[in-house]
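Worksheet: the structure to be examined is printed underneath.
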Amino acid sequence: MSASLGLAHQSLVPKHSDFRRVYLNTRKPVSSCRQRYGVVTCCGGRAKRSFRSEKNYYELLGVSADSSSREIREAYRKLQKKHHPDVAGQKGHEYTLLLNEAYAVLMRDNLRRDYDAITGQARTRFRGDCSNIGYSSWKGPLRSQALFVDANACIGCRECVHHSSNTFVMDEELGCAKVRVQYGDDEQKLQVSVESCPVNCIYWVEREELGLLEFLTQPQPKDGYGVFGGGWERPSNVFMAAKTLSKQLKEQPATATPFTASAATEEETPAQAKARADASMKIKMEKFSRFWKLIELFGLNTWNKK
Amino acid sequence: MAEPAYTVASDGENTGEEKTSSAFPEIAIGIDIGTSQCSVAFWDGSQVELLKNTRNQKLMRSYVMFKDEIPSGGVSSQLSHEHEILSGAAIFNMKRLIGRVDTDPVVHASKSLPFLVQTLDIGVRPFIAALVNNVWRSTTPEEVLAIFLVELRAMAELQLKRPIRNVVLTIPVSFSRFQLTRIERACAMAGLHVLRLMPEPTAVALLYAQQQQQTLQDNMGSGSEKLALIFNMGAGYCDVAVTATAGGVSHIKALAGSSIGGEDILQNMMRHLLPNAENLFSSHSVSDIKSMGILRIATQDAIHRLSSQTSVQINVDLGNGVNVCKVVDRAEFEEVNRKVFEKCESLVKQCLHDAKVEVEDLADVILVGGCSYIPKIQNLVMGICRKDEIYKGMNLLEAAVVGAALEGAVASGISDPFGSLDLLTIQATPLGIGIQVEGDHFIPIIPRNTTMPARKELVFTTVHDNQTEALIVVYEGEGQKVEENHLLGYFKVVGIPPAPKGVPEINVCMDIDASNVLRVLAGVALPGAQHPAVSVMEVRMPTVDDGHGWCAEALNRTYGSTLDLVTLQKKI
């Protein structure tokens, strides 16, 4: 019974995605973000545009899009101290909910990357330390060498995942393996995994290079021109691209990188400050009536106005 | 407007704690009702102080004596003789009994206490009675707790010279929401308003946050975050928390708890010392109760001494010609209680795992609660955390109540000119909350260790064609099957438009506010429709009052799977 239900459910999801957009209030960042995430896979560009018109998590926390997790944490704490219901009373409830959502997403590297990809917030985090932009985390102390899978070469055979399941994972969407935890297994197992790769696409790289390589190997949205272009791409030779990029970064540390053409700037301009103030004002208005918010949550609003 | 209807819709059972939002008129006091001991603390304007009773004790035994016409609690009562408490006339350990049904193993373990605990094993509340003039007089844990709280309140009002209404109580992590309502109920009976119910280790975490802020003069912005593990084991419960602290904000990363404690250790030891203790426990004749009391005191004393000595001599005459004469060393003690210590270990590991914290990153390890004096407990916690030194600067038995008093002051809106109250606890949910789907499966909607306040939603659908009604049964817990979890309440969503199965969308949203009030909302719509099919339902949980076992069974028997739901789209 459950199997047949499972099937039914799969076929249902795409059919009703339009409905869900109407049904759940888009002002709620959780649902709207996730719902768009679902949409992104089929039509990336549109979702991206519609999100920009709304306030985002970075604005909510008052941090720039390239801030480190430490900055986010501090901003979160500062805002919590002001708005937490313990301090601000019940009226802080809605705002704190949003803060918690924003924090939960931005503090988890993978969720933040997804969020950034959806919202089109290219991060300019290269300029300082390159080691923290990658995907994989480290188990135990940092070592000088790290593992990296060249996704272009990977054929998705899962040999490495089989031998070192704590280190490698399969990226089902991209169809290739990647390193999730550096040194997640002991070295012997890792060596077996590296050797087991039929196309030799697992490399030991320097730790400093790892971040850039992992960043570049993630497909990036491509600019489209009318009906041409668009979609996702990654450099055909990740190693060369990383080398070029790191050279560029060294040469012009203060100016924008190729990836940040549209991105947020470091300093908050007056316009941005105003936008943030507006956003928080809007939030305050929203929680003006808790009841209405709950009604809206289920899209009852229009119905009631009749 | 429909609004007034909703504001009135709260359940009378759960009120008495009308959680007002703004301007609290008075500073809430902190109360720590332990399984064995209890204490009260208050914010005196510059720091937290503990109240002392007439016998100059800060820690008072938690029990209520039903000897005379008027029951008297351990707060003011003059007697200090343990034997009298153990004579069957006093009810103690109420924290272990409150809000539990008679199928609960903790209730069964309590049958070996001197007073009477009777079970029928059908999922109703146990029968509890105290021996008054050779008559078993029935009572309830709520009543006992309320009597005790009345005494505490009277003591506090006398000493603080003002009426006391708002309190912050510490509670074990593993308490279900139903148990929390029982605590609130007892408070309401005692005329107290519960401002916050704080899991014990989070109260300790708040105290830690204050200490860190004071010692480091480390104000916002410059804050380096410090991770700490807090292990709290008292007589009744064992709780663990991992907290991230900076700038006076204690952010709870994870909580874990279980109902094991000193009482289990004590009972294990009693059974070890007297192999046929079971007969003694079960008979409840006056002479057996007396023997049991003697054994209990001797065993307790031996356990205390084993914390400083490597072996103890136990030599006690239980009367009726029964003598216990034994030498117990630490190894033996640890072997007898191996299961208890293993459980502690697994709780610490689980908490670290849930918090996604590596032991290397822990700045401090804090041990509080009476059981933290036991060397084995210290060793095992420090061993897992790979630390050599326990955090100093906490009074093992007073930390929780001090934290509760701090929270009381913070949540009452008091600010301190010297910044000592520039504090905040960001709580996490100790247990997952979800609903029953596809027969007996449990789907969490708000998972465990979600930062509070929290709001999450999931979409469900029908399992039958033209199903017009659906039952939303809310559970709390971690089990995959609903039987393993606590039933919180249920309600029916009606008026689902007739449609093939799997088409209607039933959106279930759960909302927990900072004072831990849970609201469950359910709305129905057909795909493509602009408006929901029926009005949204908002239900404040828990709604179940008593007889949990019966409710779930009766629902199952009456409706079977006719009103079932299934997840439509799992939002991770």
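Scheme for the structure tokens: letters A, B, ... for chains in order shown; per-chain residue numbers from 1; ligand numbers from 1 in order shown.
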Practice item. Show me which bits of chain B are within 7 Å of chain A, counting only C-alpha atoms, as an NGL selection string. Key: :B and (3 or 21-22 or 221 or 249 or 410-411 or 413 or 424 or 451 or 453-455 or 502 or 513-514 or 523 or 527-528 or 530-532 or 568)
Practice item. Mind listing the strand (DSSP E or B) residues of range 369-430 of chain B, per DSSP on the backbone, as an MDAnalysis selection string? Key: chainID B and resid 424:426 428
Please produce a file of those selected residues containing all heavy atoms, as a JSON list (two decimals), in the first residue's frame.
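Done, and the output landed in out-v8.json:
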[["chain", "number", "residue", "atom", "x", "y", "z"],
["B", 424, "LEU", "N", 20.22, 36.30, 27.62],
["B", 424, "LEU", "CA", 19.13, 35.71, 26.84],
["B", 424, "LEU", "C", 19.41, 34.23, 26.64],
["B", 424, "LEU", "O", 20.55, 33.83, 26.39],
["B", 424, "LEU", "CB", 19.04, 36.41, 25.47],
["B", 424, "LEU", "CG", 17.95, 35.92, 24.53],
["B", 424, "LEU", "CD1", 16.58, 36.25, 25.09],
["B", 424, "LEU", "CD2", 18.10, 36.55, 23.17],
["B", 425, "THR", "N", 18.38, 33.42, 26.78],
["B", 425, "THR", "CA", 18.51, 32.02, 26.42],
["B", 425, "THR", "C", 17.72, 31.79, 25.14],
["B", 425, "THR", "O", 16.55, 32.15, 25.09],
["B", 425, "THR", "CB", 17.87, 31.07, 27.46],
["B", 425, "THR", "OG1", 18.08, 31.61, 28.72],
["B", 425, "THR", "CG2", 18.43, 29.68, 27.34],
["B", 426, "ILE", "N", 18.34, 31.23, 24.17],
["B", 426, "ILE", "CA", 17.62, 30.83, 22.97],
["B", 426, "ILE", "C", 17.41, 29.33, 23.09],
["B", 426, "ILE", "O", 18.35, 28.54, 23.00],
["B", 426, "ILE", "CB", 18.41, 31.20, 21.70],
["B", 426, "ILE", "CG1", 18.67, 32.71, 21.69],
["B", 426, "ILE", "CG2", 17.64, 30.78, 20.47],
["B", 426, "ILE", "CD1", 19.58, 33.16, 20.58],
["B", 428, "ALA", "N", 15.80, 25.41, 22.63],
["B", 428, "ALA", "CA", 15.54, 24.47, 21.55],
["B", 428, "ALA", "C", 14.48, 23.48, 22.03],
["B", 428, "ALA", "O", 14.31, 23.28, 23.23],
["B", 428, "ALA", "CB", 16.81, 23.73, 21.17]]
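The coordinates place CA of Gly403 in chain B at 13.1 Å from CA of Asn232 in chain B.
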Practice item. Just list the residues in range 114-254 of chain B DSSP gives alpha helix (DSSP H) on the backbone, as a PyMOL selection string. Key: chain B and resi 141-160+177-189+200-216
Those same residues - N, CA and C atoms - I'd like them written as a short mmCIF file (atom, residue, chain, number, x, y, z; two decimals), in the first residue's frame.
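New file out-v4.cif:
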data_model
loop_
_atom_site.label_atom_id
_atom_site.label_comp_id
_atom_site.auth_asym_id
_atom_site.auth_seq_id
_atom_site.Cartn_x
_atom_site.Cartn_y
_atom_site.Cartn_z
N PRO B 141 -0.15 13.20 42.43
CA PRO B 141 1.11 13.94 42.40
C PRO B 141 0.89 15.44 42.27
N GLU B 142 -0.13 15.84 41.51
CA GLU B 142 -0.40 17.27 41.35
C GLU B 142 -0.75 17.90 42.69
N GLU B 143 -1.57 17.17 43.45
CA GLU B 143 -1.99 17.71 44.74
C GLU B 143 -0.78 17.85 45.66
N VAL B 144 0.05 16.82 45.68
CA VAL B 144 1.23 16.84 46.54
C VAL B 144 2.13 18.01 46.15
N LEU B 145 2.34 18.15 44.86
CA LEU B 145 3.20 19.23 44.39
C LEU B 145 2.60 20.59 44.75
N ALA B 146 1.29 20.69 44.61
CA ALA B 146 0.63 21.97 44.91
C ALA B 146 0.77 22.30 46.39
N ILE B 147 0.60 21.31 47.26
CA ILE B 147 0.75 21.56 48.70
C ILE B 147 2.15 22.07 48.98
N PHE B 148 3.08 21.43 48.32
CA PHE B 148 4.48 21.80 48.52
C PHE B 148 4.73 23.23 48.02
N LEU B 149 4.17 23.54 46.86
CA LEU B 149 4.37 24.87 46.29
C LEU B 149 3.71 25.95 47.13
N VAL B 150 2.58 25.62 47.74
CA VAL B 150 1.92 26.59 48.61
C VAL B 150 2.85 26.96 49.75
N GLU B 151 3.52 25.95 50.30
CA GLU B 151 4.45 26.23 51.40
C GLU B 151 5.63 27.07 50.93
N LEU B 152 6.13 26.72 49.76
CA LEU B 152 7.25 27.50 49.22
C LEU B 152 6.83 28.95 49.01
N ARG B 153 5.64 29.11 48.48
CA ARG B 153 5.15 30.44 48.19
C ARG B 153 4.99 31.24 49.48
N ALA B 154 4.43 30.60 50.50
CA ALA B 154 4.23 31.28 51.78
C ALA B 154 5.58 31.72 52.35
N MET B 155 6.55 30.82 52.23
CA MET B 155 7.87 31.14 52.75
C MET B 155 8.47 32.34 52.01
N ALA B 156 8.34 32.31 50.68
CA ALA B 156 8.92 33.38 49.87
C ALA B 156 8.21 34.70 50.14
N GLU B 157 6.89 34.66 50.27
CA GLU B 157 6.14 35.90 50.50
C GLU B 157 6.50 36.51 51.83
N LEU B 158 6.71 35.64 52.82
CA LEU B 158 7.08 36.12 54.15
C LEU B 158 8.44 36.81 54.10
N GLN B 159 9.37 36.20 53.40
CA GLN B 159 10.72 36.74 53.41
C GLN B 159 10.89 37.92 52.46
N LEU B 160 10.21 37.88 51.33
CA LEU B 160 10.38 38.97 50.37
C LEU B 160 9.39 40.10 50.61
N ARG B 177 5.01 17.25 26.93
CA ARG B 177 4.15 18.43 27.09
C ARG B 177 3.00 18.17 28.04
N PHE B 178 2.56 16.93 28.08
CA PHE B 178 1.48 16.61 29.00
C PHE B 178 1.96 16.78 30.45
N GLN B 179 3.17 16.33 30.71
CA GLN B 179 3.72 16.49 32.05
C GLN B 179 3.87 17.97 32.40
N LEU B 180 4.22 18.77 31.40
CA LEU B 180 4.34 20.21 31.65
C LEU B 180 2.99 20.79 32.06
N THR B 181 1.91 20.31 31.43
CA THR B 181 0.60 20.84 31.81
C THR B 181 0.27 20.44 33.24
N ARG B 182 0.74 19.26 33.64
CA ARG B 182 0.50 18.84 35.03
C ARG B 182 1.23 19.75 36.02
N ILE B 183 2.46 20.13 35.64
CA ILE B 183 3.22 21.04 36.50
C ILE B 183 2.50 22.39 36.57
N GLU B 184 2.05 22.85 35.41
CA GLU B 184 1.33 24.12 35.38
C GLU B 184 0.05 24.03 36.21
N ARG B 185 -0.58 22.89 36.14
CA ARG B 185 -1.79 22.65 36.90
C ARG B 185 -1.51 22.77 38.40
N ALA B 186 -0.43 22.10 38.81
CA ALA B 186 -0.07 22.14 40.23
C ALA B 186 0.23 23.57 40.66
N CYS B 187 0.90 24.32 39.78
CA CYS B 187 1.21 25.71 40.10
C CYS B 187 -0.08 26.51 40.22
N ALA B 188 -1.00 26.28 39.30
CA ALA B 188 -2.26 27.00 39.34
C ALA B 188 -3.00 26.69 40.63
N MET B 189 -2.94 25.44 41.06
CA MET B 189 -3.59 25.06 42.31
C MET B 189 -2.97 25.81 43.48
N GLU B 200 16.23 22.06 32.93
CA GLU B 200 17.28 22.33 33.91
C GLU B 200 18.62 22.72 33.32
N PRO B 201 19.16 21.94 32.36
CA PRO B 201 20.48 22.34 31.86
C PRO B 201 20.49 23.70 31.16
N THR B 202 19.34 24.13 30.65
CA THR B 202 19.35 25.45 30.00
C THR B 202 19.38 26.55 31.05
N ALA B 203 18.85 26.27 32.24
CA ALA B 203 18.97 27.24 33.33
C ALA B 203 20.44 27.35 33.74
N VAL B 204 21.11 26.20 33.79
CA VAL B 204 22.53 26.21 34.11
C VAL B 204 23.29 26.96 33.02
N ALA B 205 22.87 26.77 31.78
CA ALA B 205 23.53 27.43 30.65
C ALA B 205 23.41 28.94 30.77
N LEU B 206 22.27 29.40 31.26
CA LEU B 206 22.08 30.85 31.41
C LEU B 206 23.02 31.40 32.48
N LEU B 207 23.15 30.65 33.56
CA LEU B 207 24.08 31.07 34.61
C LEU B 207 25.50 31.10 34.06
N TYR B 208 25.82 30.09 33.28
CA TYR B 208 27.16 30.04 32.66
C TYR B 208 27.37 31.27 31.77
N ALA B 209 26.34 31.61 31.00
CA ALA B 209 26.44 32.77 30.10
C ALA B 209 26.72 34.03 30.91
N GLN B 210 26.04 34.13 32.06
CA GLN B 210 26.25 35.32 32.89
C GLN B 210 27.67 35.35 33.44
N GLN B 211 28.13 34.19 33.90
CA GLN B 211 29.49 34.12 34.46
C GLN B 211 30.53 34.46 33.40
N GLN B 212 30.30 33.93 32.19
CA GLN B 212 31.26 34.22 31.12
C GLN B 212 31.30 35.70 30.80
N GLN B 213 30.11 36.29 30.80
CA GLN B 213 30.06 37.69 30.45
C GLN B 213 30.74 38.54 31.51
N GLN B 214 30.55 38.14 32.75
CA GLN B 214 31.15 38.93 33.82
C GLN B 214 32.65 38.77 33.88
N THR B 215 33.12 37.55 33.72
CA THR B 215 34.56 37.34 33.85
C THR B 215 35.32 37.92 32.66
N LEU B 216 34.73 37.80 31.50
CA LEU B 216 35.49 38.24 30.32
C LEU B 216 35.25 39.71 29.98
#
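Among the candidate residues B:Leu565, B:Leu518, B:Ala302, B:Leu280, the one lying nearest to Ser112 in chain B is B:Leu280, with distances computed using only C-alpha atoms.
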Check your understanding: Which residues, written as a list in words, have at least one atom at most 9 Å from range 274-277 of chain B, with only C-alpha atoms counted and residues fewer than 5 positions away on the same chain left out?
Key -> Met269, Ser282, Met292, Leu295 and Val324 of chain B
Store the residues picked out above in a file with N, CA, C and O atoms, as a short mmCIF file (atom, residue, chain, number, x, y, z; two decimals), in the first residue's frame.
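Just written: part.cif:
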data_model
loop_
_atom_site.label_atom_id
_atom_site.label_comp_id
_atom_site.auth_asym_id
_atom_site.auth_seq_id
_atom_site.Cartn_x
_atom_site.Cartn_y
_atom_site.Cartn_z
N MET B 269 21.11 -0.56 44.20
CA MET B 269 21.97 -0.93 45.32
C MET B 269 21.19 -1.66 46.41
O MET B 269 21.66 -2.62 47.00
N SER B 282 7.05 -4.98 48.01
CA SER B 282 5.69 -5.12 47.49
C SER B 282 4.64 -5.26 48.60
O SER B 282 3.48 -4.99 48.37
N MET B 292 12.25 -1.35 55.13
CA MET B 292 12.64 -0.76 53.85
C MET B 292 13.26 0.61 54.07
O MET B 292 14.26 0.97 53.46
N LEU B 295 16.76 0.24 55.37
CA LEU B 295 17.67 -0.17 54.28
C LEU B 295 17.95 1.01 53.35
O LEU B 295 19.08 1.23 52.92
N VAL B 324 21.72 -6.98 57.31
CA VAL B 324 22.53 -6.82 56.10
C VAL B 324 23.91 -6.40 56.55
O VAL B 324 24.08 -5.38 57.22
#
**Study point:** For Thr310 in chain B: contacts at 9 Å, only C-alpha atoms, fewer than 4 positions along chain excluded, given as a VMD selection string
**Key:** chain B and resid 305 to 306 328 to 331
Point to revise | All residues 7 Å or closer to Ile506 in chain B, only C-alpha atoms, same chain fewer than 4 positions away omitted, as a PyMOL selection string | key: chain B and resi 459-461+522-525
Could those residues be written to a file, using N, CA, C and O atoms, as a PDB file, in the first residue's frame?
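Once written, out-v6.pdb looks like this:
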ATOM      1  N   VAL B 459       2.655  19.319   4.177  1.00  0.00           N
ATOM      2  CA  VAL B 459       1.410  19.123   3.456  1.00  0.00           C
ATOM      3  C   VAL B 459       1.090  17.634   3.408  1.00  0.00           C
ATOM      4  O   VAL B 459       1.955  16.815   3.101  1.00  0.00           O
ATOM      5  N   PHE B 460      -0.140  17.296   3.738  1.00  0.00           N
ATOM      6  CA  PHE B 460      -0.576  15.908   3.738  1.00  0.00           C
ATOM      7  C   PHE B 460      -1.740  15.757   2.767  1.00  0.00           C
ATOM      8  O   PHE B 460      -2.294  16.745   2.287  1.00  0.00           O
ATOM      9  N   THR B 461      -2.087  14.514   2.502  1.00  0.00           N
ATOM     10  CA  THR B 461      -3.225  14.298   1.620  1.00  0.00           C
ATOM     11  C   THR B 461      -4.011  13.082   2.091  1.00  0.00           C
ATOM     12  O   THR B 461      -3.624  12.397   3.031  1.00  0.00           O
ATOM     13  N   ALA B 522      -4.536  23.598  10.914  1.00  0.00           N
ATOM     14  CA  ALA B 522      -4.740  22.745   9.760  1.00  0.00           C
ATOM     15  C   ALA B 522      -5.674  23.435   8.784  1.00  0.00           C
ATOM     16  O   ALA B 522      -6.700  23.992   9.181  1.00  0.00           O
ATOM     17  N   GLY B 523      -5.311  23.410   7.517  1.00  0.00           N
ATOM     18  CA  GLY B 523      -6.130  23.989   6.474  1.00  0.00           C
ATOM     19  C   GLY B 523      -6.247  23.013   5.313  1.00  0.00           C
ATOM     20  O   GLY B 523      -5.363  22.190   5.106  1.00  0.00           O
ATOM     21  N   VAL B 524      -7.318  23.108   4.584  1.00  0.00           N
ATOM     22  CA  VAL B 524      -7.554  22.177   3.479  1.00  0.00           C
ATOM     23  C   VAL B 524      -7.759  22.956   2.189  1.00  0.00           C
ATOM     24  O   VAL B 524      -8.403  24.006   2.192  1.00  0.00           O
ATOM     25  N   ALA B 525      -7.237  22.451   1.095  1.00  0.00           N
ATOM     26  CA  ALA B 525      -7.510  23.073  -0.199  1.00  0.00           C
ATOM     27  C   ALA B 525      -7.415  22.025  -1.285  1.00  0.00           C
ATOM     28  O   ALA B 525      -6.754  20.998  -1.115  1.00  0.00           O
TER      29      ALA B 525
END
Point to revise | Spatial neighbours of Ser164 in chain A, 12 Å, only C-alpha atoms, chain gap at least 2 places, as a PyMOL selection string | key: chain A and resi 147+158-162+166-170+177-197
